[in-house]
Amino acid sequence: MRLTIRTNLAARVLMYCAVNDRTLARTSDIATECNASTNHVARVVQQLQAEGYIETLRGRSGGLRLARPADRISIGAVFRLFETEIPFAECFDPENNSCPLIGVCRLRGYVTRALEAFYHELDMVTLDDLVRGNCGLIELLSAGPSIPDNCSGAAQES
């Protein structure tokens with residue numbers, strides 16, 4: 001299993017916004033810090049905004065920020081948002097399935113249960129779990145000079 005680039009970027013955008021929760025972030029800054037195309041990040045931002053994860057403010061002093069607290073953003077829900085457009089396998093796509101085994105194959109049931117377990121685990125993870133106390137992430141993504149006191153010095157991971 002491999003996550004799509006958009007899912008990966010969505011997680012990066014949200015982590016960037018959570019680390020910089022006191023300031024408005026710019027798509028171009030996020031793209032630079034996350035080593036991504038500005039166009040890709042902009043598309044992800046648009047979808048995150050449409051789904052209520054971030055809010056955007058237009059204009060010269062505009063930018064984006066989290067629309068809800070980081071502890072209320074489920075990583076499982078974010079992943080589902082970006083991953084459900086692409087079927088896991090051909091047999092999960094009723095419109096384009098041409099597999100002759102569909103009526104007798106047991107693999108699909110096992111894969112379905114495995115995917116449910118995968119998302120169940122991610123449902124228990126919030127954006128706050130990824131960011132809070134993660135000094136290495138905070139130091140990498142912090143847009144300003146104010147790094148929390150408990151993160152001064154050597155980078156740490158929780």
# chains A, B, ... in the order shown; residues from 1 in each chain; ligands from 1
call {"tool": "residues_around", "arguments": {"residues": "Ala42 (chain A)", "least_positions_apart": "5", "cutoff": "12 Å", "atoms": "only C-alpha atoms", "output": "list of chain:residue names"}}
result
A:Arg6, A:Leu9, A:Ala10, A:Val13, A:Arg26, A:Thr27, A:Ser28, A:Asp29, A:Ile30, A:Ala31, A:Ala36, A:Ser37, A:Gln47, A:Leu48, A:Gln49, A:Thr56, A:Gly63, A:Leu64
call {"tool": "residues_around", "arguments": {"residues": "region 82-85 of chain A", "least_positions_apart": "3", "cutoff": "9 Å", "atoms": "only C-alpha atoms", "output": "compact mmCIF listing (two decimals) with all heavy atoms, in the first residue's frame"}}
result
# COMPACT_ATOMS: atom_id res chain seq x y z
N LEU A 3 0.46 5.62 -0.03
CA LEU A 3 -0.41 6.79 -0.01
C LEU A 3 -0.16 7.64 -1.24
O LEU A 3 0.95 7.72 -1.75
CB LEU A 3 -0.14 7.63 1.24
CG LEU A 3 -0.42 6.97 2.57
CD1 LEU A 3 -0.04 7.91 3.70
CD2 LEU A 3 -1.88 6.57 2.69
N THR A 4 -1.20 8.31 -1.69
CA THR A 4 -1.05 9.21 -2.82
C THR A 4 -0.26 10.44 -2.38
O THR A 4 -0.18 10.77 -1.19
CB THR A 4 -2.42 9.67 -3.36
OG1 THR A 4 -3.08 10.41 -2.34
CG2 THR A 4 -3.28 8.49 -3.80
N ARG A 6 -1.15 13.43 -2.85
CA ARG A 6 -2.10 14.39 -2.28
C ARG A 6 -2.37 14.12 -0.80
O ARG A 6 -2.47 15.05 0.00
CB ARG A 6 -3.40 14.41 -3.07
CG ARG A 6 -3.21 15.04 -4.43
CD ARG A 6 -4.45 15.10 -5.30
NE ARG A 6 -5.55 14.28 -4.88
CZ ARG A 6 -6.81 14.69 -4.81
NH1 ARG A 6 -7.13 15.91 -5.14
NH2 ARG A 6 -7.75 13.88 -4.43
N THR A 7 -2.48 12.85 -0.42
CA THR A 7 -2.68 12.52 0.99
C THR A 7 -1.47 12.93 1.81
O THR A 7 -1.60 13.52 2.88
CB THR A 7 -2.94 11.01 1.15
OG1 THR A 7 -4.06 10.64 0.35
CG2 THR A 7 -3.20 10.63 2.59
N ALA A 10 -1.47 16.63 2.15
CA ALA A 10 -2.51 17.07 3.08
C ALA A 10 -1.99 16.98 4.52
O ALA A 10 -2.19 17.91 5.31
CB ALA A 10 -3.77 16.24 2.91
N VAL A 44 -4.40 20.77 -2.86
CA VAL A 44 -4.67 20.12 -1.58
C VAL A 44 -5.31 21.12 -0.62
O VAL A 44 -6.28 20.79 0.07
CB VAL A 44 -3.38 19.51 -1.00
CG1 VAL A 44 -3.55 19.10 0.45
CG2 VAL A 44 -2.93 18.32 -1.85
N GLN A 47 -8.97 21.59 -1.37
CA GLN A 47 -9.81 20.49 -0.89
C GLN A 47 -9.93 20.50 0.63
O GLN A 47 -11.01 20.27 1.18
CB GLN A 47 -9.27 19.15 -1.38
CG GLN A 47 -10.24 18.01 -1.14
CD GLN A 47 -9.87 16.75 -1.90
OE1 GLN A 47 -8.88 16.70 -2.64
NE2 GLN A 47 -10.64 15.70 -1.70
N ALA A 77 -9.72 10.48 9.06
CA ALA A 77 -10.71 11.18 8.24
C ALA A 77 -10.05 11.92 7.08
O ALA A 77 -10.55 11.92 5.96
CB ALA A 77 -11.52 12.15 9.10
N VAL A 78 -8.90 12.53 7.35
CA VAL A 78 -8.17 13.24 6.29
C VAL A 78 -7.69 12.24 5.24
O VAL A 78 -7.84 12.48 4.03
CB VAL A 78 -6.98 14.03 6.88
CG1 VAL A 78 -6.10 14.61 5.77
CG2 VAL A 78 -7.48 15.13 7.81
N PHE A 79 -7.15 11.13 5.67
CA PHE A 79 -6.67 10.13 4.72
C PHE A 79 -7.82 9.59 3.87
O PHE A 79 -7.68 9.41 2.68
CB PHE A 79 -5.96 8.99 5.45
CG PHE A 79 -4.51 9.27 5.75
CD1 PHE A 79 -4.06 10.55 6.06
CD2 PHE A 79 -3.60 8.24 5.76
CE1 PHE A 79 -2.73 10.80 6.35
CE2 PHE A 79 -2.26 8.48 6.05
CZ PHE A 79 -1.82 9.75 6.34
N PHE A 88 -8.56 0.85 -4.22
CA PHE A 88 -7.38 0.12 -3.78
C PHE A 88 -6.94 -0.91 -4.83
O PHE A 88 -5.76 -1.11 -5.07
CB PHE A 88 -7.64 -0.57 -2.44
CG PHE A 88 -6.41 -1.22 -1.87
CD1 PHE A 88 -5.45 -0.45 -1.23
CD2 PHE A 88 -6.22 -2.58 -1.97
CE1 PHE A 88 -4.31 -1.03 -0.73
CE2 PHE A 88 -5.08 -3.17 -1.46
CZ PHE A 88 -4.12 -2.39 -0.84
call {"tool": "closest_residue", "arguments": {"among": "A:Leu101, A:Ala25, A:Leu81, A:Cys34", "to": "Arg58 (chain A)", "atoms": "only C-alpha atoms"}}
result
A:Ala25
call {"tool": "closest_residue", "arguments": {"among": "A:Asp128, A:Glu116, A:Glu95, A:Asp123", "to": "Leu66 (chain A)", "atoms": "only C-alpha atoms"}}
result
A:Asp128
call {"tool": "select_by_dssp", "arguments": {"residues": "region 1-123 of chain A", "states": "alpha helix (DSSP H)", "output": "PyMOL selection string"}}
result
chain A and resi 5-19+27-33+38-50+75-83+107-123
call {"tool": "closest_residue", "arguments": {"among": "A:Leu140, A:Ala89, A:Leu57, A:Cys17", "to": "Val111 (chain A)", "atoms": "only C-alpha atoms"}}
result
A:Ala89
call {"tool": "select_by_dssp", "arguments": {"residues": "region 4-140 of chain A", "states": "strand (DSSP E)", "output": "PyMOL selection string"}}
result
chain A and resi 54-57+63-66
call {"tool": "residues_around", "arguments": {"residues": "Asn20 (chain A)", "least_positions_apart": "3", "cutoff": "10 Å", "atoms": "only C-alpha atoms", "output": "PyMOL selection string"}}
result
chain A and resi 14-17+23-25+65-66+138+141-144+146-147
call {"tool": "residues_around", "arguments": {"residues": "region 69-74 of chain A", "least_positions_apart": "5", "cutoff": "8 Å", "atoms": "only C-alpha atoms", "output": "PDB file with N, CA and C atoms, in the first residue's frame"}}
result
ATOM      1  N   ALA A  18      -0.544  23.526  11.974  1.00  0.00           N
ATOM      2  CA  ALA A  18      -0.599  23.280  13.417  1.00  0.00           C
ATOM      3  C   ALA A  18       0.647  23.823  14.116  1.00  0.00           C
ATOM      4  N   TYR A  53     -11.278  21.797   7.011  1.00  0.00           N
ATOM      5  CA  TYR A  53     -10.097  21.560   7.832  1.00  0.00           C
ATOM      6  C   TYR A  53      -9.252  22.818   7.995  1.00  0.00           C
ATOM      7  N   LEU A 122      -5.763   4.907  12.251  1.00  0.00           N
ATOM      8  CA  LEU A 122      -5.562   6.329  11.964  1.00  0.00           C
ATOM      9  C   LEU A 122      -6.682   7.196  12.522  1.00  0.00           C
ATOM     10  N   ASP A 123      -7.862   6.629  12.698  1.00  0.00           N
ATOM     11  CA  ASP A 123      -8.965   7.375  13.306  1.00  0.00           C
ATOM     12  C   ASP A 123      -8.641   7.773  14.739  1.00  0.00           C
ATOM     13  N   MET A 124      -7.796   7.023  15.386  1.00  0.00           N
ATOM     14  CA  MET A 124      -7.440   7.296  16.778  1.00  0.00           C
ATOM     15  C   MET A 124      -6.291   8.299  16.903  1.00  0.00           C
ATOM     16  N   VAL A 125      -5.755   8.743  15.764  1.00  0.00           N
ATOM     17  CA  VAL A 125      -4.651   9.697  15.751  1.00  0.00           C
ATOM     18  C   VAL A 125      -5.193  11.060  15.335  1.00  0.00           C
ATOM     19  N   THR A 126      -4.837  12.079  16.113  1.00  0.00           N
ATOM     20  CA  THR A 126      -5.236  13.433  15.744  1.00  0.00           C
ATOM     21  C   THR A 126      -4.013  14.204  15.249  1.00  0.00           C
ATOM     22  N   LEU A 127      -4.278  15.312  14.624  1.00  0.00           N
ATOM     23  CA  LEU A 127      -3.195  16.196  14.191  1.00  0.00           C
ATOM     24  C   LEU A 127      -2.370  16.632  15.397  1.00  0.00           C
ATOM     25  N   ASP A 128      -3.011  16.867  16.503  1.00  0.00           N
ATOM     26  CA  ASP A 128      -2.305  17.247  17.723  1.00  0.00           C
ATOM     27  C   ASP A 128      -1.319  16.164  18.154  1.00  0.00           C
ATOM     28  N   ASP A 129      -1.689  14.892  17.998  1.00  0.00           N
ATOM     29  CA  ASP A 129      -0.783  13.786  18.340  1.00  0.00           C
ATOM     30  C   ASP A 129       0.499  13.835  17.503  1.00  0.00           C
TER      31      ASP A 129
END
call {"tool": "atom_distance", "arguments": {"atom1": "CA of Leu137 (chain A)", "atom2": "CA of Thr32 (chain A)"}}
result
14.9 Å
call {"tool": "closest_residue", "arguments": {"among": "A:Val19, A:Ile5, A:Ala67, A:Ala11", "to": "Asn134 (chain A)", "atoms": "only C-alpha atoms"}}
result
A:Val19
call {"tool": "atom_distance", "arguments": {"atom1": "CA of His40 (chain A)", "atom2": "CA of Arg68 (chain A)"}}
result
22.7 Å
